[in-house]
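See below for upload.cif, which holds mmCIF, C-alpha atoms.
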```cif
data_work
#
loop_
_atom_site.group_PDB
_atom_site.id
_atom_site.type_symbol
_atom_site.label_atom_id
_atom_site.label_comp_id
_atom_site.auth_asym_id
_atom_site.auth_seq_id
_atom_site.Cartn_x
_atom_site.Cartn_y
_atom_site.Cartn_z
ATOM 1 C CA MET A 79 19.181 36.463 -15.816
ATOM 2 C CA THR A 80 20.222 32.831 -16.158
ATOM 3 C CA MET A 81 17.049 31.822 -14.330
ATOM 4 C CA LEU A 82 14.938 33.898 -16.753
ATOM 5 C CA ALA A 83 16.725 32.348 -19.702
ATOM 6 C CA ALA A 84 15.895 28.851 -18.488
ATOM 7 C CA ILE A 85 12.142 29.432 -18.061
ATOM 8 C CA ARG A 86 9.543 29.012 -20.851
ATOM 9 C CA PRO A 87 5.827 28.294 -20.860
ATOM 10 C CA ASP A 88 4.884 24.600 -20.761
ATOM 11 C CA SER A 89 2.834 24.984 -23.955
ATOM 12 C CA TRP A 90 6.049 25.627 -25.940
ATOM 13 C CA ASN A 91 7.638 22.347 -24.864
ATOM 14 C CA TYR A 92 5.960 20.078 -27.453
ATOM 15 C CA ALA A 93 7.076 22.300 -30.326
ATOM 16 C CA LEU A 94 10.594 22.588 -28.892
ATOM 17 C CA PHE A 95 10.692 18.809 -28.388
ATOM 18 C CA LEU A 96 9.837 18.152 -32.045
ATOM 19 C CA HIS A 97 12.217 20.840 -33.313
ATOM 20 C CA VAL A 98 15.259 19.753 -31.292
ATOM 21 C CA LEU A 99 14.640 16.001 -31.688
ATOM 22 C CA GLY A 100 14.360 16.449 -35.472
ATOM 23 C CA ALA A 101 17.565 18.527 -35.483
ATOM 24 C CA MET A 102 19.439 15.940 -33.405
ATOM 25 C CA ILE A 103 18.413 13.047 -35.648
ATOM 26 C CA LEU A 104 19.232 15.136 -38.741
ATOM 27 C CA VAL A 105 22.749 15.831 -37.432
ATOM 28 C CA GLY A 106 23.092 12.118 -36.631
ATOM 29 C CA ALA A 107 22.108 11.220 -40.197
ATOM 30 C CA LEU A 108 24.577 13.764 -41.602
ATOM 31 C CA VAL A 109 27.408 12.479 -39.383
ATOM 32 C CA THR A 110 26.680 8.887 -40.474
ATOM 33 C CA ALA A 111 26.504 9.873 -44.149
ATOM 34 C CA VAL A 112 29.700 11.960 -43.984
ATOM 35 C CA THR A 113 31.551 9.057 -42.327
ATOM 36 C CA ALA A 114 30.411 6.638 -45.036
ATOM 37 C CA GLN A 115 31.171 9.160 -47.808
ATOM 38 C CA VAL A 116 34.702 9.801 -46.503
ATOM 39 C CA LEU A 117 35.329 6.028 -46.308
ATOM 40 C CA SER A 118 33.980 5.680 -49.863
ATOM 41 C CA TRP A 119 36.204 8.533 -51.053
ATOM 42 C CA LYS A 120 39.312 6.975 -49.474
ATOM 43 C CA ARG A 121 38.709 3.733 -51.357
ATOM 44 C CA GLY A 122 38.321 5.412 -54.752
ATOM 45 C CA GLY A 123 36.258 2.775 -56.542
ATOM 46 C CA GLY A 124 35.223 -0.855 -56.288
ATOM 47 C CA ALA A 125 32.861 -2.786 -54.019
ATOM 48 C CA ASP A 126 33.934 -1.058 -50.773
ATOM 49 C CA ALA A 127 33.403 2.441 -52.186
ATOM 50 C CA ALA A 128 30.019 1.436 -53.653
ATOM 51 C CA ALA A 129 28.822 -0.062 -50.347
ATOM 52 C CA TYR A 130 29.750 3.069 -48.383
ATOM 53 C CA ALA A 131 28.180 5.358 -50.995
ATOM 54 C CA ARG A 132 24.956 3.310 -50.861
ATOM 55 C CA LEU A 133 24.912 3.515 -47.043
ATOM 56 C CA ALA A 134 25.367 7.299 -47.202
ATOM 57 C CA PHE A 135 22.593 7.705 -49.780
ATOM 58 C CA ARG A 136 20.091 5.559 -47.861
ATOM 59 C CA THR A 137 20.894 7.302 -44.561
ATOM 60 C CA LEU A 138 20.325 10.748 -46.075
ATOM 61 C CA LEU A 139 17.125 9.659 -47.834
ATOM 62 C CA PHE A 140 15.452 7.563 -45.137
ATOM 63 C CA VAL A 141 16.733 9.310 -41.986
ATOM 64 C CA GLY A 142 18.004 12.760 -42.968
ATOM 65 C CA ILE A 143 15.037 13.986 -45.023
ATOM 66 C CA PRO A 144 12.280 12.890 -42.531
ATOM 67 C CA ALA A 145 14.322 14.362 -39.641
ATOM 68 C CA TYR A 146 14.664 17.638 -41.555
ATOM 69 C CA VAL A 147 10.883 17.779 -42.072
ATOM 70 C CA ALA A 148 10.280 17.160 -38.336
ATOM 71 C CA MET A 149 12.852 19.834 -37.410
ATOM 72 C CA ARG A 150 11.315 22.374 -39.817
ATOM 73 C CA ILE A 151 7.714 21.717 -38.670
ATOM 74 C CA GLY A 152 8.853 22.076 -35.058
ATOM 75 C CA ALA A 153 10.614 25.335 -35.961
ATOM 76 C CA GLU A 154 7.492 26.874 -37.505
ATOM 77 C CA TRP A 155 5.364 25.619 -34.603
ATOM 78 C CA ILE A 156 7.555 27.232 -31.952
ATOM 79 C CA TYR A 157 7.931 30.374 -34.113
ATOM 80 C CA SER A 158 4.162 30.823 -33.988
ATOM 81 C CA LYS A 159 4.004 29.959 -30.268
ATOM 82 C CA GLU A 160 6.594 32.628 -29.468
ATOM 83 C CA HIS A 161 4.831 35.151 -31.775
ATOM 84 C CA TRP A 162 8.045 36.135 -33.579
ATOM 85 C CA GLY A 163 5.904 37.189 -36.535
ATOM 86 C CA ASP A 164 4.620 40.140 -34.462
ATOM 87 C CA VAL A 165 8.130 41.444 -33.737
ATOM 88 C CA PRO A 166 9.305 44.236 -36.136
ATOM 89 C CA LYS A 167 12.946 43.089 -36.220
ATOM 90 C CA GLU A 168 13.735 39.451 -35.569
ATOM 91 C CA PRO A 169 16.894 38.677 -33.561
ATOM 92 C CA ASP A 170 20.043 37.578 -35.419
ATOM 93 C CA TRP A 171 20.007 34.027 -34.015
ATOM 94 C CA LEU A 172 16.580 33.474 -35.544
ATOM 95 C CA GLY A 173 17.841 34.732 -38.921
ATOM 96 C CA ILE A 174 20.842 32.386 -38.717
ATOM 97 C CA GLY A 175 18.449 29.523 -37.981
ATOM 98 C CA TYR A 176 16.239 30.311 -40.973
ATOM 99 C CA ILE A 177 19.150 30.787 -43.391
ATOM 100 C CA THR A 178 20.872 27.559 -42.375
ATOM 101 C CA ALA A 179 17.604 25.598 -42.395
ATOM 102 C CA ASP A 180 16.411 26.797 -45.814
ATOM 103 C CA LEU A 181 19.782 26.851 -47.554
ATOM 104 C CA GLY A 182 20.584 23.553 -45.852
ATOM 105 C CA ALA A 183 17.413 22.010 -47.308
ATOM 106 C CA LEU A 184 18.519 22.850 -50.855
ATOM 107 C CA LEU A 185 22.000 21.487 -50.225
ATOM 108 C CA LEU A 186 20.595 18.389 -48.497
ATOM 109 C CA ILE A 187 18.273 17.552 -51.402
ATOM 110 C CA THR A 188 21.093 18.143 -53.908
ATOM 111 C CA SER A 189 23.354 15.952 -51.810
ATOM 112 C CA VAL A 190 20.775 13.127 -51.720
ATOM 113 C CA VAL A 191 20.357 13.231 -55.507
ATOM 114 C CA LEU A 192 24.124 13.288 -56.137
ATOM 115 C CA ALA A 193 24.700 10.534 -53.549
ATOM 116 C CA GLY A 194 22.059 8.368 -55.266
ATOM 117 C CA PHE A 195 23.554 8.748 -58.727
ATOM 118 C CA GLY A 196 27.077 8.427 -57.302
ATOM 119 C CA ALA A 197 26.207 5.165 -55.524
ATOM 120 C CA ARG A 198 24.679 3.794 -58.724
ATOM 121 C CA ARG A 199 27.743 4.756 -60.730
ATOM 122 C CA LEU A 200 30.079 3.132 -58.185
ATOM 123 C CA ALA A 201 27.986 -0.063 -58.162
ATOM 124 C CA GLN A 202 28.691 -0.592 -61.852
ATOM 125 C CA ALA A 203 31.447 -3.108 -62.464
ATOM 126 C CA ASP A 204 35.009 -1.780 -62.803
ATOM 127 C CA SER A 205 33.920 1.750 -62.049
ATOM 128 C CA GLY A 206 36.486 4.268 -60.892
ATOM 129 C CA PRO A 207 35.948 7.151 -58.487
ATOM 130 C CA SER A 208 32.606 8.934 -58.871
ATOM 131 C CA ILE A 209 32.657 12.721 -59.030
ATOM 132 C CA MET A 210 28.964 12.753 -58.051
ATOM 133 C CA ALA A 211 29.555 10.688 -54.899
ATOM 134 C CA ARG A 212 32.464 12.963 -53.964
ATOM 135 C CA SER A 213 30.425 16.108 -54.612
ATOM 136 C CA ALA A 214 27.657 14.685 -52.420
ATOM 137 C CA GLY A 215 30.225 14.128 -49.669
ATOM 138 C CA VAL A 216 31.456 17.736 -49.861
ATOM 139 C CA LEU A 217 27.881 19.066 -49.801
ATOM 140 C CA THR A 218 26.993 16.883 -46.814
ATOM 141 C CA ILE A 219 30.017 18.225 -44.913
ATOM 142 C CA VAL A 220 28.925 21.797 -45.719
ATOM 143 C CA VAL A 221 25.351 21.077 -44.511
ATOM 144 C CA LEU A 222 26.676 19.482 -41.312
ATOM 145 C CA ALA A 223 28.923 22.482 -40.626
ATOM 146 C CA ALA A 224 26.010 24.876 -41.261
ATOM 147 C CA TYR A 225 23.765 22.983 -38.835
ATOM 148 C CA LEU A 226 26.454 23.018 -36.147
ATOM 149 C CA VAL A 227 26.581 26.815 -36.535
ATOM 150 C CA ALA A 228 22.775 26.785 -36.197
ATOM 151 C CA VAL A 229 23.043 24.746 -32.972
ATOM 152 C CA TRP A 230 25.425 27.404 -31.622
ATOM 153 C CA ALA A 231 23.081 30.230 -32.704
ATOM 154 C CA MET A 232 19.988 28.515 -31.262
ATOM 155 C CA THR A 233 21.590 27.893 -27.861
ATOM 156 C CA ALA A 234 23.903 30.893 -27.370
ATOM 157 C CA LYS A 235 21.436 33.246 -29.109
ATOM 158 C CA PRO A 236 23.893 35.995 -30.205
ATOM 159 C CA THR A 237 22.255 39.424 -30.592
ATOM 160 C CA MET B 150 28.841 35.141 -24.668
ATOM 161 C CA SER B 151 28.242 34.612 -20.979
ATOM 162 C CA ARG B 152 29.351 31.538 -19.035
ATOM 163 C CA TYR B 153 25.737 30.338 -19.083
ATOM 164 C CA ASP B 154 25.653 30.609 -22.901
ATOM 165 C CA TRP B 155 28.860 28.597 -23.227
ATOM 166 C CA LEU B 156 27.727 25.932 -20.770
ATOM 167 C CA LEU B 157 24.350 25.571 -22.463
ATOM 168 C CA PHE B 158 25.952 25.383 -25.926
ATOM 169 C CA LEU B 159 28.462 22.728 -24.822
ATOM 170 C CA HIS B 160 25.745 20.778 -22.980
ATOM 171 C CA VAL B 161 23.444 20.800 -26.028
ATOM 172 C CA LEU B 162 26.344 20.036 -28.414
ATOM 173 C CA SER B 163 27.217 17.026 -26.250
ATOM 174 C CA ALA B 164 23.580 15.899 -26.381
ATOM 175 C CA PHE B 165 23.693 16.207 -30.193
ATOM 176 C CA ALA B 166 26.807 13.987 -30.185
ATOM 177 C CA VAL B 167 25.021 11.348 -28.061
ATOM 178 C CA VAL B 168 21.948 11.292 -30.334
ATOM 179 C CA ALA B 169 24.178 11.303 -33.441
ATOM 180 C CA SER B 170 25.929 8.185 -32.154
ATOM 181 C CA ILE B 171 22.570 6.497 -31.466
ATOM 182 C CA VAL B 172 21.459 7.299 -35.039
ATOM 183 C CA LEU B 173 24.762 6.016 -36.441
ATOM 184 C CA TYR B 174 24.547 2.747 -34.476
ATOM 185 C CA THR B 175 20.894 2.290 -35.506
ATOM 186 C CA VAL B 176 21.782 2.731 -39.184
ATOM 187 C CA LEU B 177 24.682 0.324 -38.735
ATOM 188 C CA ILE B 178 22.540 -2.345 -37.029
ATOM 189 C CA VAL B 179 19.958 -2.115 -39.836
ATOM 190 C CA ALA B 180 22.661 -2.194 -42.540
ATOM 191 C CA VAL B 181 24.534 -5.153 -41.075
ATOM 192 C CA TRP B 182 21.377 -7.158 -40.209
ATOM 193 C CA ASP B 183 21.251 -9.302 -43.368
ATOM 194 C CA LYS B 184 25.007 -9.607 -43.851
ATOM 195 C CA ASP B 185 26.836 -12.897 -43.402
ATOM 196 C CA VAL B 186 29.958 -12.357 -45.519
ATOM 197 C CA PRO B 187 32.915 -11.441 -43.251
ATOM 198 C CA GLY B 188 34.231 -8.765 -45.621
ATOM 199 C CA ASP B 189 30.835 -7.008 -45.734
ATOM 200 C CA VAL B 190 30.518 -7.011 -41.939
ATOM 201 C CA VAL B 191 34.079 -5.746 -41.379
ATOM 202 C CA ARG B 192 33.489 -3.003 -43.942
ATOM 203 C CA LEU B 193 30.311 -1.742 -42.251
ATOM 204 C CA PHE B 194 31.792 -1.811 -38.766
ATOM 205 C CA ARG B 195 34.488 0.666 -39.878
ATOM 206 C CA VAL B 196 31.739 3.310 -39.705
ATOM 207 C CA SER B 197 31.226 2.591 -35.982
ATOM 208 C CA LYS B 198 34.550 4.219 -35.010
ATOM 209 C CA VAL B 199 32.988 7.676 -35.368
ATOM 210 C CA GLY B 200 30.039 6.565 -33.216
ATOM 211 C CA ASP B 201 32.430 5.303 -30.538
ATOM 212 C CA ALA B 202 34.165 8.706 -30.423
ATOM 213 C CA LEU B 203 30.850 10.608 -30.358
ATOM 214 C CA ILE B 204 29.302 8.542 -27.561
ATOM 215 C CA GLY B 205 32.495 8.808 -25.504
ATOM 216 C CA VAL B 206 32.856 12.588 -25.754
ATOM 217 C CA GLY B 207 29.105 13.287 -25.821
ATOM 218 C CA SER B 208 28.109 11.213 -22.800
ATOM 219 C CA ILE B 209 30.848 12.707 -20.603
ATOM 220 C CA GLY B 210 30.132 16.234 -21.888
ATOM 221 C CA VAL B 211 26.391 16.026 -21.366
ATOM 222 C CA LEU B 212 26.887 14.904 -17.738
ATOM 223 C CA VAL B 213 29.674 17.349 -16.798
ATOM 224 C CA PHE B 214 28.112 20.428 -18.431
ATOM 225 C CA GLY B 215 24.642 19.401 -17.235
ATOM 226 C CA ILE B 216 25.729 19.211 -13.594
ATOM 227 C CA TRP B 217 27.706 22.450 -13.999
ATOM 228 C CA LEU B 218 24.579 24.159 -15.388
ATOM 229 C CA SER B 219 22.395 22.895 -12.535
ATOM 230 C CA ILE B 220 24.879 24.425 -10.068
ATOM 231 C CA ASP B 221 25.319 27.657 -12.063
ATOM 232 C CA VAL B 222 21.681 28.477 -12.875
ATOM 233 C CA ASP B 223 19.677 30.173 -10.108
ATOM 234 C CA GLY B 224 16.646 28.123 -9.143
ATOM 235 C CA TYR B 225 18.059 24.755 -10.267
ATOM 236 C CA GLU B 226 19.874 22.385 -7.939
ATOM 237 C CA VAL B 227 21.651 19.068 -8.530
ATOM 238 C CA TRP B 228 19.194 17.398 -6.113
ATOM 239 C CA ASP B 229 16.092 18.552 -8.049
ATOM 240 C CA GLY B 230 13.949 15.538 -9.014
ATOM 241 C CA TRP B 231 14.305 16.047 -12.778
ATOM 242 C CA VAL B 232 18.101 16.445 -12.487
ATOM 243 C CA ILE B 233 18.382 13.249 -10.410
ATOM 244 C CA ALA B 234 16.124 11.471 -12.954
ATOM 245 C CA ALA B 235 18.473 12.632 -15.732
ATOM 246 C CA ILE B 236 21.536 11.317 -13.892
ATOM 247 C CA VAL B 237 19.808 7.944 -13.292
ATOM 248 C CA LEU B 238 18.823 7.763 -16.976
ATOM 249 C CA TRP B 239 22.414 8.612 -17.942
ATOM 250 C CA PHE B 240 23.609 5.544 -16.016
ATOM 251 C CA VAL B 241 20.834 3.407 -17.566
ATOM 252 C CA MET B 242 21.941 4.591 -21.022
ATOM 253 C CA GLY B 243 25.549 3.741 -20.147
ATOM 254 C CA ALA B 244 24.649 0.257 -18.929
ATOM 255 C CA PHE B 245 22.605 -0.591 -22.032
ATOM 256 C CA GLY B 246 25.203 1.012 -24.310
ATOM 257 C CA SER B 247 28.035 -0.945 -22.764
ATOM 258 C CA ARG B 248 26.112 -4.215 -23.200
ATOM 259 C CA THR B 249 25.271 -3.332 -26.829
ATOM 260 C CA GLY B 250 28.917 -2.554 -27.526
ATOM 261 C CA LYS B 251 30.097 -5.884 -26.143
ATOM 262 C CA ILE B 252 27.614 -7.858 -28.286
ATOM 263 C CA TYR B 253 28.341 -6.058 -31.569
ATOM 264 C CA ASN B 254 32.095 -5.853 -30.922
ATOM 265 C CA ALA B 255 32.051 -9.660 -30.628
ATOM 266 C CA ALA B 256 30.378 -9.860 -34.061
ATOM 267 C CA ARG B 257 32.916 -7.413 -35.513
ATOM 268 C CA ASP B 258 35.868 -9.290 -34.014
ATOM 269 C CA ARG B 259 34.561 -12.627 -35.342
ATOM 270 C CA ALA B 260 34.121 -11.112 -38.796
ATOM 271 C CA ARG B 261 37.693 -9.771 -38.652
ATOM 272 C CA ALA B 262 38.999 -13.171 -37.580
ATOM 273 C CA LEU B 263 37.181 -14.929 -40.427
ATOM 274 C CA ALA B 264 38.395 -12.339 -42.927
ATOM 275 C CA GLY B 265 41.913 -12.673 -41.515
ATOM 276 C CA GLU B 266 41.790 -16.419 -42.122
ATOM 277 C CA GLY B 267 41.044 -15.637 -45.747
ATOM 278 C CA SER B 268 37.441 -16.804 -45.541
ATOM 279 C CA ASN B 269 34.962 -14.631 -47.353
ATOM 280 C CA ALA B 270 32.216 -17.219 -47.705
ATOM 281 C CA PRO B 271 28.804 -16.612 -46.079
ATOM 282 C CA SER B 272 28.910 -17.673 -42.428
ATOM 283 C CA ALA B 273 25.837 -18.829 -40.484
ATOM 284 C CA GLU B 274 27.728 -18.147 -37.252
ATOM 285 C CA LEU B 275 28.395 -14.551 -38.299
ATOM 286 C CA ARG B 276 24.772 -14.039 -39.315
ATOM 287 C CA ALA B 277 23.659 -15.294 -35.885
ATOM 288 C CA LEU B 278 26.048 -12.817 -34.209
ATOM 289 C CA VAL B 279 24.871 -9.757 -36.178
ATOM 290 C CA GLN B 280 21.239 -10.782 -35.650
ATOM 291 C CA ASP B 281 21.670 -11.327 -31.900
ATOM 292 C CA ARG B 282 18.366 -10.204 -30.332
ATOM 293 C CA ARG B 283 20.139 -9.270 -27.090
ATOM 294 C CA GLY B 284 22.126 -6.660 -28.996
ATOM 295 C CA LEU B 285 19.012 -5.311 -30.625
ATOM 296 C CA TRP B 286 17.126 -5.041 -27.313
ATOM 297 C CA SER B 287 20.117 -3.482 -25.562
ATOM 298 C CA HIS B 288 20.357 -0.858 -28.285
ATOM 299 C CA ALA B 289 16.596 -0.245 -28.027
ATOM 300 C CA GLY B 290 17.033 0.170 -24.249
ATOM 301 C CA ALA B 291 19.863 2.691 -24.701
ATOM 302 C CA SER B 292 17.829 4.596 -27.322
ATOM 303 C CA LEU B 293 14.780 4.693 -25.022
ATOM 304 C CA ALA B 294 16.924 5.947 -22.126
ATOM 305 C CA VAL B 295 18.256 8.764 -24.362
ATOM 306 C CA LEU B 296 14.707 9.637 -25.467
ATOM 307 C CA LEU B 297 13.498 9.769 -21.849
ATOM 308 C CA LEU B 298 16.541 11.880 -20.945
ATOM 309 C CA PHE B 299 15.640 14.300 -23.712
ATOM 310 C CA ILE B 300 11.983 14.454 -22.606
ATOM 311 C CA ASP B 301 13.187 15.112 -19.039
ATOM 312 C CA MET B 302 15.447 17.940 -20.245
ATOM 313 C CA ILE B 303 12.721 19.638 -22.294
ATOM 314 C CA PHE B 304 9.756 19.260 -19.902
ATOM 315 C CA LYS B 305 11.737 19.442 -16.615
ATOM 316 C CA PRO B 306 8.972 17.784 -14.535
ATOM 317 C CA GLY B 307 8.637 19.369 -11.101
ATOM 318 C CA ALA B 308 10.891 22.328 -11.927
#
```
Render the structure in this file as structure tokens.
Amino acid sequence: MTMLAAIRPDSWNYALFLHVLGAMILVGALVTAVTAQVLSWKRGGGADAAAYARLAFRTLLFVGIPAYVAMRIGAEWIYSKEHWGDVPKEPDWLGIGYITADLGALLLITSVVLAGFGARRLAQADSGPSIMARSAGVLTIVVLAAYLVAVWAMTAKPT
Amino acid sequence: MSRYDWLLFLHVLSAFAVVASIVLYTVLIVAVWDKDVPGDVVRLFRVSKVGDALIGVGSIGVLVFGIWLSIDVDGYEVWDGWVIAAIVLWFVMGAFGSRTGKIYNAARDRARALAGEGSNAPSAELRALVQDRRGLWSHAGASLAVLLLFIDMIFKPGA
């Protein structure tokens, strides 16, 4: 059984490559952004908090969003290769993947917008803590947690 | 979940940690590139602690669970060409990563020393350290090794 589980047609590899590489870079962007957002949070306000918030925003915008697009294109590509659309009832792991990807996209976009406004607010002189930057941090943590669940579902494939 | 499912999940999760650290270091190198004020450099390098933890746990995990999988899965052996290639690439990644760490840790330590002396004026020496081409090429080498490792894992040439 383990041998069967490890085999797949060569033609699926390109789609899987794009999907997993996009997911890995996306998780990397989220980890980087969460780290910067937590550091920003701990400093409350001032130049340090603003610099971390700006780093988090730029990472999500310039790395996270493109990686998400690559991951999602790869997902649809391999979905069509494996002909899941012809199956009457899709397996649970596939449903978990779709829910986390689509809900995660909404949360990711919201997080980017909040992080952008939060960074701008913190950059203003004598600004205190920014509720928008903190909300972006919470959302980013939620998205990261959801994608780690998706990694588990995609690899362990629970029925 | 079977033992195979657990091993595969932990192997893939470790790979995610390795790529996440590469993304984090890349973002950090880009962010620190034009900085020459000690306080700014010290601030940005605080983010690297998470990358250090991820690369430590991820690189060990990916090797241990990968070798365990190659022993556990019928039809795969540790001496298969693609498994040996992966192990060689793992060492290449480690060598480049170690060199990158030494170069950027030197920049971080110099920034800390300058900040500790109370200097927060722009430093040409610090700018030269953060823009060290050897560090950039070493990081590019480590990133390429990880990419080739990933390609090897997906396409499994010769398997």
Next on the checklist: Please expand the PyMOL selection byres ((chain A and resi 171) around 8) into the concrete residues it hits in this file, giving the result as a list in words.
Outcome noted: Pro169, Asp170, Leu172, Gly173, Ile174, Gly175, Ala231, Met232, Lys235, Pro236 and Thr237 of chain A
Item to check | Hits of the PyMOL selection byres ((chain A) within 9 of (chain B)) in this structure, as a VMD selection string | outcome: chain A and resid 79 to 82 84 88 91 to 92 94 to 95 99 101 to 111 113 to 114 117 126 129 to 130 133 137 141 226 229 to 236
Next on the checklist: Need the shell around Val232 of chain B: protein/DNA/RNA residues with any atom at most 9 Å away, counting only C-alpha atoms. Skip same-chain ones fewer than 4 positions apart. Format as a list of chain:residue names?
Outcome noted: B:Gly215, B:Ile216, B:Ser219, B:Tyr225, B:Glu226, B:Val227, B:Trp228, B:Ile236, B:Val237, B:Asp301, B:Met302, B:Lys305
Checklist entry - Any chance you could work out the residue set of the PyMOL selection byres ((chain B and resi 244-253) around 7) here, as an MDAnalysis selection string? => result chainID B and resid 240:243 254:257 279 284 287:288 290:291
Could those selected residues go to a file with C-alpha atoms, as an mmCIF file, in the coordinates of the input?
```
data_model
loop_
_atom_site.group_PDB
_atom_site.id
_atom_site.type_symbol
_atom_site.label_atom_id
_atom_site.label_comp_id
_atom_site.auth_asym_id
_atom_site.auth_seq_id
_atom_site.Cartn_x
_atom_site.Cartn_y
_atom_site.Cartn_z
ATOM 1 C CA PHE B 240 23.609 5.544 -16.016
ATOM 2 C CA VAL B 241 20.834 3.407 -17.566
ATOM 3 C CA MET B 242 21.941 4.591 -21.022
ATOM 4 C CA GLY B 243 25.549 3.741 -20.147
ATOM 5 C CA ASN B 254 32.095 -5.853 -30.922
ATOM 6 C CA ALA B 255 32.051 -9.660 -30.628
ATOM 7 C CA ALA B 256 30.378 -9.860 -34.061
ATOM 8 C CA ARG B 257 32.916 -7.413 -35.513
ATOM 9 C CA VAL B 279 24.871 -9.757 -36.178
ATOM 10 C CA GLY B 284 22.126 -6.660 -28.996
ATOM 11 C CA SER B 287 20.117 -3.482 -25.562
ATOM 12 C CA HIS B 288 20.357 -0.858 -28.285
ATOM 13 C CA GLY B 290 17.033 0.170 -24.249
ATOM 14 C CA ALA B 291 19.863 2.691 -24.701
#
```
Item to check | Best match for closeness to Gly210 of chain B among B:Ala264, B:Ala270, B:Ser163, B:Ala294, counting only C-alpha atoms | outcome: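 So, comparing all the options, the nearest one is B:Ser163.
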